[in-house]
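For reference, the structure discussed in these notes is given below.
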Amino acid sequence: VEKWDGFRFESADRQAGQVDVACHYDGLLASCCLEASAVDRVVYNYVNNATRFSAGSNICMEILPVGEHTVRWIVANPITRDQAQWLRQETGGDLSQLFRGGLTRGGNGLGLSNCADFVAAAFGLPDIDSALRGRYLGAMVEDGWYLAWAHWPALYPDGSERPVVTQ
């Protein structure tokens, strides 16, 4: 979380910006380096997309516990009307299509499908469709903002039933 809060980014066609993090979860997410890398890959893909497509200078990230054993990561960035229209048109209004692979606006279309693969595997789900139907990850456009979220299982090494929540 520390590496993201205040992270500065630049784009050739607009002024520099930064990532602002609101973290309401104080706990562990990974039991090994491979799992930590998977969480990082999901967050990196979300932040890379946000920095690439943000219509503003700030990106918001929120991390919060959901239920008893899950952490939700949300990355949000402002978008233009043109971007919102492109998303509606290319997905038929179903933004889960972004996570199925092959849909892109200048990239390779694999980043978000990789995220879906990681999230499905983390929860022991059989495939991406199960993760999307269960809303383990997804995206939406609301009030000029694109929001992408992903859930990840929380790790409680002391056997406790609930995460530690900070305000």
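Quick note on naming: the chains in the structure tokens go A, B, ... in the order shown, residues restart at 1 in each chain, and ligands are numbered from 1 in order of appearance.
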
Practice prompt. Run DSSP on the backbone and grab whatever in region 4-120 of chain A lands in helix (DSSP H, G or I); send it over as an MDAnalysis selection string.
Written response: chainID A and resid 33:53 81:91 95:99 111:120

Worksheet entry | Within 12 Å of region 62-73 of chain A using only C-alpha atoms, minus same-chain residues under 2 positions, as a PyMOL selection string | chain A and resi 1+4-5+19-30+39-40+42-44+46-47+59-60+75-77+119+122-123+135-139+147-157+159-167

Item to complete: Identify, on the basis of only C-alpha atoms, every residue whose closest approach to Asp94 (chain A) does not exceed 12 Å; exclude the query and any residue fewer than 6 positions from it along the same chain; express the result as JSON, numbers by chain.
Response: {"A": [86, 87, 88, 100, 132, 133, 138, 139, 140, 141]}

Discussion item. So, with only C-alpha atoms as the atoms that count, which of A:Ala131, A:Ile74, A:Cys115, A:Ala120 lies closest to Arg41 (chain A)?
Written reply: A:Cys115

Worksheet entry | Gap from CA of Tyr146 (chain A) to CA of Leu95 (chain A) - Å, one decimal |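 For CA of Tyr146 (chain A) relative to CA of Leu95 (chain A), the distance reads 10.3 Å.
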
Worksheet item: Suppose you want the space between CA of Leu34 (chain A) and CA of Phe53 (chain A); what is it in Å?
Response: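 Interatomic distance here is 28.7 Å.
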
Item to complete: Considering only C-alpha atoms, return as a PyMOL selection string whatever protein or nucleic-acid residues lie within 10 Å of Trp145 (chain A), sequence-local ones (same chain, fewer than 6 positions apart) excluded.
Response: chain A and resi 54-56+59+76-81+84

Residues as selected, all heavy atoms, written as an mmCIF file, in the first residue's frame, can you do that?
data_model
loop_
_atom_site.group_PDB
_atom_site.id
_atom_site.type_symbol
_atom_site.label_atom_id
_atom_site.label_comp_id
_atom_site.auth_asym_id
_atom_site.auth_seq_id
_atom_site.Cartn_x
_atom_site.Cartn_y
_atom_site.Cartn_z
ATOM 1 N N SER A 54 -6.987 8.010 -17.549
ATOM 2 C CA SER A 54 -7.558 9.028 -16.672
ATOM 3 C C SER A 54 -7.711 10.366 -17.389
ATOM 4 O O SER A 54 -6.801 10.832 -18.074
ATOM 5 C CB SER A 54 -6.675 9.224 -15.431
ATOM 6 O OG SER A 54 -7.279 10.177 -14.581
ATOM 7 N N ALA A 55 -8.866 10.966 -17.218
ATOM 8 C CA ALA A 55 -9.118 12.288 -17.774
ATOM 9 C C ALA A 55 -8.727 13.373 -16.766
ATOM 10 O O ALA A 55 -8.871 14.558 -17.039
ATOM 11 C CB ALA A 55 -10.594 12.435 -18.137
ATOM 12 N N GLY A 56 -8.230 12.979 -15.628
ATOM 13 C CA GLY A 56 -7.821 13.926 -14.599
ATOM 14 C C GLY A 56 -6.423 13.614 -14.122
ATOM 15 O O GLY A 56 -5.724 12.757 -14.668
ATOM 16 N N ILE A 59 -5.830 9.585 -9.342
ATOM 17 C CA ILE A 59 -6.456 8.270 -9.365
ATOM 18 C C ILE A 59 -6.713 7.894 -7.924
ATOM 19 O O ILE A 59 -5.866 8.145 -7.047
ATOM 20 C CB ILE A 59 -5.527 7.248 -10.046
ATOM 21 C CG1 ILE A 59 -5.421 7.596 -11.525
ATOM 22 C CG2 ILE A 59 -6.014 5.828 -9.833
ATOM 23 C CD1 ILE A 59 -4.304 6.891 -12.209
ATOM 24 N N ALA A 76 -10.112 3.833 -9.208
ATOM 25 C CA ALA A 76 -11.056 4.691 -9.926
ATOM 26 C C ALA A 76 -10.334 5.874 -10.558
ATOM 27 O O ALA A 76 -9.398 6.426 -9.974
ATOM 28 C CB ALA A 76 -12.140 5.187 -8.970
ATOM 29 N N ASN A 77 -10.789 6.223 -11.744
ATOM 30 C CA ASN A 77 -10.240 7.385 -12.438
ATOM 31 C C ASN A 77 -11.341 8.081 -13.224
ATOM 32 O O ASN A 77 -12.264 7.429 -13.707
ATOM 33 C CB ASN A 77 -9.093 6.982 -13.377
ATOM 34 C CG ASN A 77 -9.529 6.009 -14.444
ATOM 35 O OD1 ASN A 77 -9.654 4.828 -14.179
ATOM 36 N ND2 ASN A 77 -9.750 6.498 -15.661
ATOM 37 N N PRO A 78 -11.239 9.419 -13.338
ATOM 38 C CA PRO A 78 -12.220 10.131 -14.160
ATOM 39 C C PRO A 78 -11.992 9.807 -15.630
ATOM 40 O O PRO A 78 -10.864 9.574 -16.064
ATOM 41 C CB PRO A 78 -11.929 11.608 -13.863
ATOM 42 C CG PRO A 78 -10.528 11.648 -13.362
ATOM 43 C CD PRO A 78 -10.256 10.322 -12.728
ATOM 44 N N ILE A 79 -13.086 9.746 -16.387
ATOM 45 C CA ILE A 79 -12.993 9.490 -17.831
ATOM 46 C C ILE A 79 -13.784 10.545 -18.585
ATOM 47 O O ILE A 79 -14.648 11.220 -18.021
ATOM 48 C CB ILE A 79 -13.479 8.071 -18.207
ATOM 49 C CG1 ILE A 79 -14.939 7.854 -17.810
ATOM 50 C CG2 ILE A 79 -12.577 7.017 -17.591
ATOM 51 C CD1 ILE A 79 -15.527 6.532 -18.314
ATOM 52 N N THR A 80 -13.504 10.659 -19.866
ATOM 53 C CA THR A 80 -14.214 11.604 -20.718
ATOM 54 C C THR A 80 -15.538 10.987 -21.184
ATOM 55 O O THR A 80 -15.736 9.771 -21.092
ATOM 56 C CB THR A 80 -13.375 11.961 -21.961
ATOM 57 O OG1 THR A 80 -13.204 10.786 -22.756
ATOM 58 C CG2 THR A 80 -12.022 12.553 -21.561
ATOM 59 N N ARG A 81 -16.393 11.803 -21.732
ATOM 60 C CA ARG A 81 -17.652 11.290 -22.304
ATOM 61 C C ARG A 81 -17.372 10.336 -23.454
ATOM 62 O O ARG A 81 -18.055 9.329 -23.623
ATOM 63 C CB ARG A 81 -18.526 12.453 -22.787
ATOM 64 C CG ARG A 81 -19.175 13.205 -21.678
ATOM 65 C CD ARG A 81 -20.141 14.234 -22.211
ATOM 66 N NE ARG A 81 -20.721 14.955 -21.105
ATOM 67 C CZ ARG A 81 -20.997 16.239 -21.116
ATOM 68 N NH1 ARG A 81 -20.776 16.945 -22.207
ATOM 69 N NH2 ARG A 81 -21.521 16.827 -20.065
ATOM 70 N N ALA A 84 -16.482 6.989 -21.992
ATOM 71 C CA ALA A 84 -17.684 6.322 -21.484
ATOM 72 C C ALA A 84 -18.516 5.772 -22.637
ATOM 73 O O ALA A 84 -19.035 4.649 -22.572
ATOM 74 C CB ALA A 84 -18.508 7.290 -20.633
#

Discussion item. Could you pull out the strand (DSSP E) residues of region 23-148 of chain A, going by DSSP on the backbone, and write them as a VMD selection string?
Written reply: chain A and resid 23 58 to 66 70 to 78 137 to 142 145 to 148

Worksheet entry | Contacts of region 125-130 of chain A at 8 Å (only C-alpha atoms; same-chain gap of 6+ positions) as an MDAnalysis selection string | chainID A and resid 99:100 113 116:117

Item to complete: Measuring atom to atom with only C-alpha atoms, identify which of A:Glu2, A:Glu10, A:Glu90, A:Asp82 is nearest to Arg52 (chain A).
Response: A:Glu10
